[in-house]
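Dumped model-v4.cif below, it's mmCIF, C-alpha atoms:
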```cif
data_start
#
loop_
_atom_site.label_atom_id
_atom_site.label_comp_id
_atom_site.auth_asym_id
_atom_site.auth_seq_id
_atom_site.Cartn_x
_atom_site.Cartn_y
_atom_site.Cartn_z
CA MET A 352 0.00 0.00 0.00
CA LYS A 353 2.90 2.36 0.72
CA VAL A 354 4.22 1.71 -2.78
CA ALA A 355 0.83 2.65 -4.23
CA VAL A 356 0.93 5.94 -2.34
CA LEU A 357 4.47 6.59 -3.59
CA VAL A 358 3.47 5.89 -7.20
CA LEU A 359 0.37 8.10 -6.94
CA VAL A 360 2.34 10.96 -5.38
CA ILE A 361 4.98 10.77 -8.11
CA ILE A 362 2.39 10.59 -10.90
CA GLY A 363 0.36 13.42 -9.35
CA CYS A 364 3.44 15.61 -8.96
CA ILE A 365 4.52 14.98 -12.54
CA LEU A 366 1.02 15.73 -13.86
CA MET A 367 0.66 18.92 -11.86
CA THR A 368 4.14 20.17 -12.72
CA VAL A 369 3.77 19.46 -16.44
CA VAL A 370 0.34 21.11 -16.60
CA GLY A 371 1.60 24.08 -14.57
CA ILE A 372 4.52 24.53 -16.95
CA SER A 373 2.14 24.21 -19.89
CA TRP A 374 -0.17 26.88 -18.48
CA LEU A 375 2.79 29.20 -17.89
CA SER A 376 3.98 28.58 -21.43
CA ASP A 377 0.50 29.30 -22.82
CA TYR A 378 0.33 32.51 -20.83
CA ASN A 379 3.76 33.65 -21.98
CA ASP A 380 2.87 32.85 -25.61
CA ASN A 381 -0.32 34.92 -25.36
CA LYS A 382 0.94 37.68 -23.06
CA SER A 383 1.35 40.24 -25.84
CA ALA A 384 -2.14 39.47 -27.16
CA VAL A 385 -3.65 39.88 -23.69
CA ASP A 386 -1.85 43.18 -23.20
CA SER A 387 -2.99 44.48 -26.61
CA LEU A 388 -6.58 43.40 -25.88
CA ASN A 389 -6.48 45.24 -22.55
CA ASP A 390 -5.14 48.36 -24.26
CA LEU A 391 -7.76 48.11 -27.01
CA ALA A 392 -10.54 47.68 -24.45
CA LYS A 393 -9.33 50.76 -22.55
CA ASN A 394 -9.13 52.80 -25.76
CA LEU A 395 -12.66 51.77 -26.75
CA GLY A 396 -14.00 52.54 -23.30
CA VAL A 397 -14.90 48.94 -22.50
CA ASP A 398 -14.76 48.14 -18.82
CA ASP A 399 -15.91 45.27 -16.65
CA SER A 400 -19.41 46.66 -16.18
CA THR A 401 -20.28 47.25 -19.86
CA SER A 402 -18.92 44.12 -21.49
CA SER A 403 -18.32 41.40 -18.98
CA GLY A 404 -17.89 38.61 -21.53
CA ILE A 405 -14.85 40.09 -23.28
CA MET A 406 -13.07 41.20 -20.14
CA ASP A 407 -13.83 37.92 -18.38
CA GLN A 408 -12.06 36.02 -21.14
CA VAL A 409 -9.08 38.37 -21.07
CA ASN A 410 -8.84 38.12 -17.27
CA ASN A 411 -9.18 34.32 -17.50
CA ILE A 412 -6.18 34.12 -19.81
CA ALA A 413 -4.22 36.49 -17.58
CA GLY A 414 -4.97 34.28 -14.55
CA TYR A 415 -3.20 31.27 -16.02
CA GLU A 416 0.16 32.59 -14.87
CA SER A 417 -0.70 32.43 -11.18
CA LYS A 418 -2.62 29.17 -11.63
CA GLY A 419 0.42 27.61 -13.30
CA TYR A 420 2.67 28.65 -10.43
CA ILE A 421 0.19 27.24 -7.91
CA LEU A 422 0.15 23.87 -9.70
CA ILE A 423 3.94 23.67 -9.84
CA ILE A 424 4.42 24.68 -6.20
CA CYS A 425 1.77 22.27 -4.93
CA GLY A 426 3.28 19.40 -6.90
CA VAL A 427 6.76 20.05 -5.51
CA VAL A 428 5.45 20.50 -1.95
CA ALA A 429 3.55 17.19 -2.10
CA LEU A 430 6.64 15.34 -3.31
CA ALA A 431 8.83 16.98 -0.66
CA ALA A 432 6.32 16.09 2.06
CA PHE A 433 6.32 12.47 0.98
CA LEU A 434 10.12 12.32 0.81
CA PHE A 435 10.40 13.77 4.33
CA LYS A 436 7.62 11.58 5.74
CA LYS A 437 9.75 10.28 8.61
CA LYS A 438 10.58 13.80 9.83
CA LEU A 439 7.08 15.21 9.35
CA GLY A 440 5.14 12.22 10.57
CA ALA A 441 2.51 10.23 8.73
CA MET A 442 -0.44 12.42 9.72
CA LEU A 443 1.16 15.72 8.70
CA THR A 444 2.41 14.21 5.45
CA SER A 445 -1.10 13.04 4.60
CA ILE A 446 -2.52 16.47 5.36
CA VAL A 447 0.10 18.22 3.21
CA ILE A 448 -0.53 15.86 0.28
CA LEU A 449 -4.29 16.43 0.55
CA ALA A 450 -3.82 20.20 0.81
CA ALA A 451 -1.53 20.16 -2.23
CA GLY A 452 -4.27 18.35 -4.13
CA ILE A 453 -7.11 20.63 -3.00
CA LEU A 454 -5.44 24.06 -3.23
CA PRO A 455 -5.17 24.10 -7.05
CA ILE A 456 -8.88 23.27 -7.31
CA ILE A 457 -9.69 26.44 -5.39
CA ALA A 458 -7.62 28.47 -7.86
CA SER A 459 -8.99 26.73 -10.94
CA PRO A 460 -11.66 24.03 -11.06
CA LYS A 461 -9.98 22.68 -14.22
CA ALA A 462 -7.12 21.52 -12.01
CA LEU A 463 -9.36 18.82 -10.49
CA ILE A 464 -8.48 16.52 -13.37
CA PHE A 465 -4.79 16.65 -12.51
CA SER A 466 -4.87 17.07 -8.75
CA SER A 467 -7.32 14.21 -8.20
CA VAL A 468 -4.34 11.84 -8.24
CA LEU A 469 -2.79 13.69 -5.30
CA ILE A 470 -6.11 13.71 -3.46
CA LEU A 471 -6.32 9.93 -3.89
CA ALA A 472 -2.72 9.60 -2.69
CA GLY A 473 -3.52 11.69 0.40
CA ILE A 474 -6.54 9.55 1.23
CA LEU A 475 -4.53 6.35 0.78
CA SER A 476 -1.79 7.84 2.93
CA PHE A 477 -4.30 8.23 5.77
CA VAL A 478 -5.35 4.59 5.32
CA VAL A 479 -1.73 3.39 5.38
CA LYS A 480 -1.09 5.43 8.52
CA ASN A 481 -4.11 3.91 10.25
CA GLN A 482 -3.05 0.38 9.25
CA ASP A 483 0.38 0.97 10.77
CA ILE A 484 -1.18 2.07 14.06
CA GLN A 485 -3.75 -0.74 14.26
CA ALA A 486 -1.39 -3.56 13.36
CA PRO A 487 -0.56 -5.56 16.48
CA PRO A 488 3.11 -6.01 17.26
CA THR A 489 4.47 -9.34 16.16
CA GLN A 490 6.70 -11.39 18.40
CA ALA A 491 9.22 -13.81 17.03
CA ALA A 492 8.80 -17.40 18.17
CA GLN A 493 11.57 -18.45 20.51
#
```
Just give me the structure of the file as structure tokens.
Amino acid sequence: MKVAVLVLVIIGCILMTVVGISWLSDYNDNKSAVDSLNDLAKNLGVDDSTSSGIMDQVNNIAGYESKGYILIICGVVALAAFLFKKKLGAMLTSIVILAAGILPIIASPKALIFSSVLILAGILSFVVKNQDIQAPPTQAAQ
């Protein structure tokens, strides 16, 4: 079961990091277009109250930079928490993995597809922790 958690954490971290890098790349590719659209909207007198559809789309594209950074950071934090499990303790490691899976969803609901693997790993990490506590000590036959 511990190996399953390790595999899920690694897969989740890779997914979140790759998607975060992809979102940052998309933002950087479209940054000049977003800036020119903002300038055009200001020149035409379009603001958030008059044309919410256009500005919502522009703001959505502009938000991918911060969402990409959140995905990358959460992926790295989850992997670091799992690697330092002995120092942090099983309970804190499970909480950090779950938080790293849930935080990107708050920033962008689209991230649920990629962070669901980390959420599953966090849940399994709680189960593994509880199995370790409930297992009776074994005594070697003398």
Using the chain letters and numbering of this document, enumerate as a PyMOL selection string the residues selected by the PyMOL selection byres ((chain A and resi 419) around 12). chain A and resi 366-379+412-418+420-426+455-456+458-459+461-462
Chain and number of each residue from the PyMOL selection byres ((chain A and resi 429-443) around 10), as a PyMOL selection string: chain A and resi 356-357+360-365+424-428+444-452+469+472-473+476-477+479-481+483
Export, as an mmCIF file, keeping the file's coordinate frame, the selected residues with C-alpha atoms.
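So the final result, stored in again29.cif, reads:
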```cif
data_model
loop_
_atom_site.group_PDB
_atom_site.id
_atom_site.type_symbol
_atom_site.label_atom_id
_atom_site.label_comp_id
_atom_site.auth_asym_id
_atom_site.auth_seq_id
_atom_site.Cartn_x
_atom_site.Cartn_y
_atom_site.Cartn_z
ATOM 1 C CA VAL A 356 0.930 5.940 -2.340
ATOM 2 C CA LEU A 357 4.470 6.590 -3.590
ATOM 3 C CA VAL A 360 2.340 10.960 -5.380
ATOM 4 C CA ILE A 361 4.980 10.770 -8.110
ATOM 5 C CA ILE A 362 2.390 10.590 -10.900
ATOM 6 C CA GLY A 363 0.360 13.420 -9.350
ATOM 7 C CA CYS A 364 3.440 15.610 -8.960
ATOM 8 C CA ILE A 365 4.520 14.980 -12.540
ATOM 9 C CA ILE A 424 4.420 24.680 -6.200
ATOM 10 C CA CYS A 425 1.770 22.270 -4.930
ATOM 11 C CA GLY A 426 3.280 19.400 -6.900
ATOM 12 C CA VAL A 427 6.760 20.050 -5.510
ATOM 13 C CA VAL A 428 5.450 20.500 -1.950
ATOM 14 C CA THR A 444 2.410 14.210 5.450
ATOM 15 C CA SER A 445 -1.100 13.040 4.600
ATOM 16 C CA ILE A 446 -2.520 16.470 5.360
ATOM 17 C CA VAL A 447 0.100 18.220 3.210
ATOM 18 C CA ILE A 448 -0.530 15.860 0.280
ATOM 19 C CA LEU A 449 -4.290 16.430 0.550
ATOM 20 C CA ALA A 450 -3.820 20.200 0.810
ATOM 21 C CA ALA A 451 -1.530 20.160 -2.230
ATOM 22 C CA GLY A 452 -4.270 18.350 -4.130
ATOM 23 C CA LEU A 469 -2.790 13.690 -5.300
ATOM 24 C CA ALA A 472 -2.720 9.600 -2.690
ATOM 25 C CA GLY A 473 -3.520 11.690 0.400
ATOM 26 C CA SER A 476 -1.790 7.840 2.930
ATOM 27 C CA PHE A 477 -4.300 8.230 5.770
ATOM 28 C CA VAL A 479 -1.730 3.390 5.380
ATOM 29 C CA LYS A 480 -1.090 5.430 8.520
ATOM 30 C CA ASN A 481 -4.110 3.910 10.250
ATOM 31 C CA ASP A 483 0.380 0.970 10.770
#
```
Interatomic distance between atom CA of Ile464 of chain A and atom CA of Leu359 of chain A? 13.8 Å
Hey, can you check how far atom CA of Val354 of chain A sits from atom CA of Ile474 of chain A?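 Calculated distance between atom CA of Val354 of chain A and atom CA of Ile474 of chain A is 13.9 Å.
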In Å to one decimal, how far is atom CA of Asp390 of chain A from atom CA of Pro460 of chain A?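 Distance reported for this atom pair: 28.4 Å.
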Taking all atoms of segment 355-361 of chain A that the file lists, what box with edges along x, y and z, padded by 8 Å per side, do you get, with centre and edge lengths in Å to one decimal, as AutoDock Vina command-line options?
```
--center_x 2.7 --center_y 6.8 --center_z -5.2 --size_x 20.6 --size_y 24.3 --size_z 21.8
```
